[in-house]
$ cat final-v2.txt   # compact mmCIF, C-alpha atoms
# COMPACT_ATOMS: atom_id res chain seq x y z
CA MET A 1 29.19 81.09 109.44
CA PRO A 2 29.54 78.34 106.80
CA VAL A 3 27.12 77.61 104.01
CA VAL A 4 24.22 75.49 105.30
CA VAL A 5 23.05 72.35 103.46
CA VAL A 6 19.40 71.31 103.45
CA THR A 7 18.02 68.00 102.24
CA ASP A 8 14.85 65.96 102.76
CA SER A 9 14.14 62.87 104.80
CA GLY A 10 14.28 60.74 101.66
CA ALA A 11 18.08 61.07 101.70
CA ARG A 12 18.24 58.60 104.63
CA LEU A 13 21.29 60.25 106.18
CA GLN A 14 22.68 58.80 109.38
CA PRO A 15 21.68 61.15 112.23
CA GLN A 16 25.28 61.51 113.39
CA ASP A 17 26.42 62.63 109.93
CA ALA A 18 23.62 65.15 109.57
CA GLY A 19 24.25 66.46 113.07
CA MET A 20 28.01 66.72 112.75
CA LEU A 21 27.77 68.62 109.46
CA GLY A 22 24.76 70.71 110.41
CA ILE A 23 22.58 69.40 107.59
CA ARG A 24 18.91 70.40 107.91
CA LEU A 25 16.27 67.79 107.10
CA VAL A 26 12.84 68.58 105.68
CA PRO A 27 10.30 65.81 106.34
CA LEU A 28 8.45 64.14 103.48
CA HIS A 29 4.90 62.91 104.08
CA VAL A 30 3.08 59.58 104.29
CA LEU A 31 -0.66 59.94 103.75
CA THR A 32 -3.15 57.41 105.01
CA GLY A 33 -6.85 58.08 105.36
CA GLU A 34 -7.20 61.31 107.29
CA GLN A 35 -3.62 61.24 108.56
CA ASP A 36 -0.69 63.25 107.23
CA LEU A 37 2.40 61.74 108.87
CA ARG A 38 5.77 63.49 108.65
CA ASP A 39 8.74 61.22 108.04
CA GLY A 40 11.20 61.51 110.90
CA VAL A 41 8.79 63.53 113.04
CA ASP A 42 5.63 61.48 113.54
CA PRO A 43 5.54 57.76 114.42
CA ILE A 44 4.76 55.77 111.27
CA PRO A 45 3.97 52.09 111.95
CA ALA A 46 5.00 49.46 109.42
CA SER A 47 1.35 48.46 109.01
CA VAL A 48 0.78 51.73 107.16
CA TYR A 49 2.77 50.64 104.11
CA GLU A 50 2.47 46.87 104.45
CA LYS A 51 -1.19 47.00 103.42
CA GLY A 52 -0.42 49.05 100.31
CA ARG A 53 -3.02 51.70 101.14
CA ALA A 54 -0.76 54.64 101.96
CA THR A 55 0.46 57.28 99.54
CA THR A 56 3.20 59.86 99.85
CA ALA A 57 3.66 63.57 99.29
CA GLY A 58 6.75 65.68 98.92
CA ALA A 59 7.56 68.70 101.04
CA SER A 60 5.49 71.76 100.10
CA PRO A 61 7.00 75.05 98.90
CA ALA A 62 5.89 76.65 102.19
CA GLU A 63 7.62 73.99 104.29
CA LEU A 64 10.80 74.25 102.24
CA SER A 65 10.76 78.05 102.26
CA GLU A 66 10.61 78.14 106.06
CA VAL A 67 13.57 75.75 106.40
CA TYR A 68 15.55 77.71 103.79
CA ARG A 69 14.79 80.95 105.60
CA GLN A 70 16.11 79.68 108.92
CA ALA A 71 19.10 78.00 107.28
CA LEU A 72 19.97 81.26 105.53
CA ILE A 73 19.82 83.13 108.83
CA ASP A 74 22.00 80.49 110.48
CA SER A 75 24.54 80.74 107.67
CA GLY A 76 24.96 84.42 108.44
CA GLY A 77 23.89 85.15 104.90
CA ASP A 78 26.57 82.96 103.32
CA GLY A 79 23.89 80.91 101.59
CA VAL A 80 22.13 77.55 101.35
CA VAL A 81 22.62 74.50 99.14
CA ALA A 82 19.44 72.42 98.98
CA VAL A 83 19.79 68.83 97.74
CA HIS A 84 16.60 66.87 97.12
CA LEU A 85 15.24 63.57 95.85
CA SER A 86 15.24 63.00 92.12
CA GLY A 87 12.75 65.22 90.35
CA ARG A 88 11.68 62.13 88.39
CA LEU A 89 10.61 60.39 91.61
CA SER A 90 9.27 63.16 93.82
CA SER A 91 7.57 66.54 93.57
CA THR A 92 9.93 67.90 96.21
CA PHE A 93 12.56 69.16 93.74
CA GLU A 94 9.98 71.20 91.82
CA ALA A 95 8.65 72.60 95.11
CA ALA A 96 12.21 73.42 96.17
CA GLU A 97 12.86 75.41 93.00
CA GLN A 98 9.67 77.35 93.63
CA ALA A 99 10.58 78.03 97.27
CA ALA A 100 14.15 79.06 96.41
CA ARG A 101 13.00 81.84 94.06
CA GLU A 102 12.02 83.85 97.13
CA TYR A 103 15.69 84.04 98.14
CA GLY A 104 17.28 84.83 94.78
CA ASP A 105 20.84 83.61 94.37
CA ARG A 106 21.29 82.89 98.09
CA VAL A 107 19.66 79.43 97.85
CA HIS A 108 20.94 76.98 95.24
CA VAL A 109 18.85 73.85 94.57
CA VAL A 110 20.31 70.57 93.31
CA ASP A 111 18.40 67.62 91.84
CA SER A 112 20.28 64.62 93.23
CA ARG A 113 18.80 62.44 90.45
CA SER A 114 18.76 59.68 93.03
CA ALA A 115 17.06 58.53 96.23
CA ALA A 116 17.89 57.19 99.67
CA MET A 117 21.63 57.33 100.32
CA GLY A 118 22.20 58.09 96.63
CA SER A 119 20.71 61.48 97.43
CA GLY A 120 22.44 61.52 100.79
CA PHE A 121 25.87 61.22 99.19
CA VAL A 122 25.19 64.43 97.22
CA ALA A 123 24.13 66.29 100.36
CA LEU A 124 27.21 65.06 102.19
CA ALA A 125 29.48 66.28 99.39
CA ALA A 126 28.09 69.80 99.70
CA ALA A 127 28.19 69.76 103.51
CA ARG A 128 31.77 68.51 103.66
CA ALA A 129 32.84 71.20 101.21
CA ALA A 130 31.08 73.84 103.30
CA ALA A 131 32.71 72.51 106.50
CA ALA A 132 36.10 72.83 104.78
CA GLY A 133 35.42 76.50 104.09
CA ALA A 134 33.87 76.44 100.62
CA ASP A 135 31.73 79.42 99.68
CA LEU A 136 28.22 79.03 98.24
CA SER A 137 29.40 78.61 94.66
CA ALA A 138 31.99 75.97 95.56
CA ALA A 139 29.64 74.02 97.86
CA TYR A 140 27.00 74.05 95.14
CA GLN A 141 29.55 72.80 92.61
CA ALA A 142 30.61 70.03 95.00
CA ALA A 143 27.01 68.84 95.10
CA ARG A 144 26.64 69.03 91.33
CA ASP A 145 29.87 67.07 90.87
CA ALA A 146 28.52 64.34 93.17
CA VAL A 147 25.33 63.87 91.11
CA GLY A 148 25.64 60.64 89.15
CA ARG A 149 28.73 59.52 91.06
CA SER A 150 26.87 56.81 92.99
CA ARG A 151 24.70 53.88 91.99
CA CYS A 152 21.59 52.56 93.74
CA VAL A 153 20.17 49.12 92.98
CA MET A 154 17.41 47.29 94.79
CA VAL A 155 15.43 44.07 94.86
CA VAL A 156 11.71 44.14 95.64
CA HIS A 157 9.38 41.22 96.25
CA LYS A 158 6.66 42.56 93.97
CA LEU A 159 6.21 45.52 91.66
CA ASP A 160 2.63 46.15 92.79
CA HIS A 161 3.51 49.02 95.13
CA LEU A 162 5.60 50.76 92.47
CA ARG A 163 2.89 50.32 89.85
CA ARG A 164 0.22 51.78 92.14
CA SER A 165 2.37 54.82 92.91
CA GLY A 166 3.28 55.34 89.24
CA ARG A 167 7.03 54.91 89.83
CA ILE A 168 7.24 52.11 87.28
CA SER A 169 5.11 51.22 84.29
CA ALA A 170 2.16 48.83 84.43
CA THR A 171 3.77 46.81 81.63
CA SER A 172 6.96 46.23 83.63
CA SER A 173 4.89 45.31 86.67
CA TRP A 174 2.81 42.81 84.67
CA LEU A 175 5.91 41.17 83.21
CA GLY A 176 7.46 40.68 86.64
CA THR A 177 4.25 39.23 88.06
CA ALA A 178 3.21 37.12 85.10
CA LEU A 179 6.57 35.43 84.77
CA ALA A 180 6.98 34.99 88.56
CA LEU A 181 10.34 36.74 88.39
CA LYS A 182 12.11 38.78 91.08
CA PRO A 183 12.71 42.35 89.87
CA VAL A 184 16.08 44.08 90.17
CA LEU A 185 15.63 47.85 89.94
CA GLN A 186 18.12 50.63 89.39
CA ILE A 187 18.00 54.42 89.45
CA ASP A 188 19.30 55.49 86.06
CA ASP A 189 21.34 58.56 85.08
CA ASP A 190 18.17 60.63 84.62
CA GLY A 191 16.96 59.81 88.11
CA LYS A 192 14.25 57.38 86.99
CA LEU A 193 13.62 54.03 88.64
CA VAL A 194 13.95 51.40 85.93
CA LEU A 195 13.67 47.65 85.75
CA ALA A 196 17.27 46.51 85.24
CA GLN A 197 16.81 42.75 85.36
CA ARG A 198 14.32 39.98 86.18
CA VAL A 199 15.65 36.90 87.94
CA ARG A 200 14.04 33.59 88.85
CA THR A 201 14.66 33.50 92.59
CA ALA A 202 15.21 35.94 95.43
CA THR A 203 18.71 34.56 96.05
CA LYS A 204 19.69 35.06 92.41
CA ALA A 205 18.17 38.55 92.46
CA ILE A 206 20.33 39.50 95.45
CA GLY A 207 23.36 38.11 93.62
CA ALA A 208 22.48 40.10 90.50
CA MET A 209 22.12 43.28 92.55
CA VAL A 210 25.56 42.83 94.10
CA ASP A 211 27.06 41.92 90.69
CA ASN A 212 25.68 45.20 89.37
CA ILE A 213 27.34 47.18 92.17
CA VAL A 214 30.66 45.29 91.89
CA GLU A 215 30.81 45.94 88.14
CA PHE A 216 30.12 49.65 88.73
CA VAL A 217 32.72 50.04 91.48
CA GLY A 218 35.58 48.06 89.96
CA GLU A 219 38.77 48.46 91.98
CA ARG A 220 37.85 51.84 93.48
CA ARG A 221 37.42 52.49 97.19
CA VAL A 222 33.76 52.91 97.93
CA SER A 223 31.25 54.01 100.55
CA VAL A 224 28.31 51.62 100.78
CA THR A 225 24.91 51.83 102.42
CA ILE A 226 22.56 48.84 102.48
CA HIS A 227 18.92 49.82 102.81
CA HIS A 228 15.99 47.58 103.66
CA VAL A 229 12.29 47.66 104.52
CA ASP A 230 11.80 45.61 107.69
CA ASN A 231 14.22 43.00 106.41
CA THR A 232 17.30 43.16 108.63
CA GLU A 233 18.15 39.50 108.11
CA THR A 234 18.48 39.83 104.33
CA ALA A 235 20.27 43.17 104.68
CA GLU A 236 22.90 41.53 106.87
CA LYS A 237 23.37 38.77 104.30
CA VAL A 238 23.77 41.41 101.58
CA ASN A 239 26.33 43.16 103.77
CA GLU A 240 28.34 39.94 104.09
CA LEU A 241 28.20 39.42 100.34
CA VAL A 242 29.20 43.01 99.59
CA CYS A 243 32.14 42.83 102.00
CA SER A 244 33.34 39.56 100.47
CA ARG A 245 33.08 40.90 96.92
CA LEU A 246 34.17 44.51 97.51
CA LEU A 247 37.31 44.47 99.60
CA THR A 248 37.55 48.24 99.10
CA ALA A 249 34.19 48.89 100.77
CA HIS A 250 34.60 51.33 103.66
CA ASP A 251 32.55 50.30 106.72
CA PRO A 252 29.20 49.55 105.03
CA VAL A 253 26.18 50.96 106.83
CA ILE A 254 22.89 49.09 107.19
CA SER A 255 19.83 51.30 107.53
CA GLU A 256 16.09 51.31 107.04
CA MET A 257 14.89 52.60 103.69
CA GLY A 258 12.38 54.74 105.56
CA PRO A 259 8.58 54.90 105.43
CA VAL A 260 8.26 57.17 102.38
CA LEU A 261 10.33 54.91 100.14
CA ALA A 262 8.79 51.84 101.78
CA VAL A 263 5.34 52.89 100.56
CA HIS A 264 6.64 52.62 96.99
CA VAL A 265 8.86 49.54 97.12
CA GLY A 266 6.89 47.46 99.61
CA PRO A 267 7.82 45.26 102.57
CA GLY A 268 10.98 43.16 102.36
CA ALA A 269 12.76 45.29 99.77
CA VAL A 270 16.54 45.56 100.05
CA GLY A 271 18.94 47.80 98.18
CA VAL A 272 22.54 48.93 97.90
CA CYS A 273 23.81 52.47 97.29
CA ALA A 274 27.52 52.79 96.54
CA GLU A 275 29.69 55.83 95.90
CA PRO A 276 33.37 55.60 94.88
CA VAL A 277 35.47 57.81 97.12
CA ASP A 278 38.69 58.05 95.09
$ encode --input "final-v2.txt" --output "structure tokens"
Amino acid sequence: MPVVVVTDSGARLQPQDAGMLGIRLVPLHVLTGEQDLRDGVDPIPASVYEKGRATTAGASPAELSEVYRQALIDSGGDGVVAVHLSGRLSSTFEAAEQAAREYGDRVHVVDSRSAAMGSGFVALAAARAAAAGADLSAAYQAARDAVGRSRCVMVVHKLDHLRRSGRISATSSWLGTALALKPVLQIDDDGKLVLAQRVRTATKAIGAMVDNIVEFVGERRVSVTIHHVDNTETAEKVNELVCSRLLTAHDPVISEMGPVLAVHVGPGAVGVCAEPVD
């Protein structure tokens, strides 16, 4: 049996990719009032995060341990590579390290230092290596090599949700609000979400986001995913812009950012994750 790859629902993998490569998904949690809703398992209405009252929680060590245990059995003992959301954005990576200790050197944990498809690209690298026959060490190295290879940039309407959740500083939030500017955010090399630019209008912010991605990609072939929070219309416009600017883009995918990330970035957010494939 090949090495099994585990990731969390924050990676926003396409179901067909996860299924084809046998990637196991651990749900993250959206908390609202008395409810603990599991991303990808329980129905989570948009109203939960639109009102700004929900919070999130990472997967617990117990949840992760159970998934690792089954994945290890299914691998026939060959091992597990676990790729999770940036440790600077979620508690899941720390919980994963704790859970993995139970299995010694049979479970290797990787901090993707990214989110959404930025994390998904790392999981896919490990899974594709495993599918090609890589052993645990090689699949783990494939994941590590993929860390930092992609870039994720997003535009949000307001920084209020990020300030409330502690994902960005109150000072940055105040500047964006006080100056009536549209924030362009980027996940940096350390896996932190940082304010990359402030632009006067939403249209200019979208342009700045795509400029950022184009500059990063250069002439390389690239895989692109466009994420959004209940904003399909803008995501489709971003897709058109990306395709016109990046002729090397390989079949861009448009997908929801997912409820856990939506709690933090708020309604209407749109982002681009790009990974060079050369």
$ atom_distance --input "final-v2.txt" --atom1 "atom CA of A:Thr248" --atom2 "atom CA of A:Val210"
14.1 Å
$ closest_residue --input "final-v2.txt" --among "A:Leu246, A:Ala274, A:Pro2, A:Ala127" --to "A:Gly76" --atoms "all atoms listed in the file"
A:Pro2
$ atom_distance --input "final-v2.txt" --atom1 "atom CA of A:Asp251" --atom2 "atom CA of A:Thr201"
28.3 Å
$ closest_residue --input "final-v2.txt" --among "A:Ala249, A:Cys243, A:Ile187, A:Val156" --to "A:Ala269" --atoms "all atoms listed in the file"
A:Val156
$ residues_around --input "final-v2.txt" --residues "stretch 97-103 of chain A" --least-positions-apart "5" --cutoff "12 Å" --atoms "all atoms listed in the file" --output "ChimeraX atom specification"
/A:6,59-73,77,79-84,87,91-92,108-111
$ closest_residue --input "final-v2.txt" --among "A:Ser119, A:Thr232, A:Gln14, A:Gln186" --to "A:Gly40" --atoms "all atoms listed in the file"
A:Gln14
$ closest_atom_pairs --input "final-v2.txt" --of "stretch 167-270 of chain A" --to "stretch 143-151 of chain A" --cutoff "9 Å" --atoms "only C-alpha atoms" --output "JSON lines"
{"residue": "A:Gln186", "atom": "CA", "partner": "A:Arg151", "partner_atom": "CA", "distance": 7.8}
{"residue": "A:Ile187", "atom": "CA", "partner": "A:Arg151", "partner_atom": "CA", "distance": 7.2}
{"residue": "A:Asp188", "atom": "CA", "partner": "A:Arg151", "partner_atom": "CA", "distance": 8.2}
{"residue": "A:Asp189", "atom": "CA", "partner": "A:Gly148", "partner_atom": "CA", "distance": 6.3}
{"residue": "A:Asp190", "atom": "CA", "partner": "A:Gly148", "partner_atom": "CA", "distance": 8.7}
{"residue": "A:Gly191", "atom": "CA", "partner": "A:Gly148", "partner_atom": "CA", "distance": 8.8}
{"residue": "A:Ile213", "atom": "CA", "partner": "A:Arg151", "partner_atom": "CA", "distance": 7.2}
{"residue": "A:Phe216", "atom": "CA", "partner": "A:Arg151", "partner_atom": "CA", "distance": 7.6}
{"residue": "A:Val217", "atom": "CA", "partner": "A:Arg151", "partner_atom": "CA", "distance": 8.9}
$ residues_around --input "final-v2.txt" --residues "A:Val30" --least-positions-apart "5" --cutoff "10 Å" --atoms "all atoms listed in the file" --output "list in words"
Gln35, Asp36, Leu37, Arg38, Asp39, Asp42, Ile44, Val48, Tyr49, Ala54, Thr55, Thr56, Ala57, Gly58, Pro259, Val260, Leu261, Ala262 and Val263 of chain A
$ closest_residue --input "final-v2.txt" --among "A:Gln197, A:Ser86, A:Ser255, A:Ser223" --to "A:Pro276" --atoms "all atoms listed in the file"
A:Ser223
$ closest_residue --input "final-v2.txt" --among "A:Ser137, A:Ser112, A:Ser47, A:Ser9" --to "A:Asp78" --atoms "all atoms listed in the file"
A:Ser137
$ atom_distance --input "final-v2.txt" --atom1 "atom CA of A:Pro27" --atom2 "atom CA of A:Ala11"
10.2 Å
$ closest_residue --input "final-v2.txt" --among "A:Ala130, A:Val214, A:Val265, A:Met117" --to "A:Leu247" --atoms "only C-alpha atoms"
A:Val214
$ residues_around --input "final-v2.txt" --residues "A:Pro183" --least-positions-apart "5" --cutoff "8 Å" --atoms "only C-alpha atoms" --output "count of residues only"
12
$ residues_near_point --input "final-v2.txt" --point "(31.2, 68.6, 98.3)" --cutoff "7 Å" --atoms "all atoms listed in the file" --output "PyMOL selection string"
chain A and resi 124-129+139+142-143
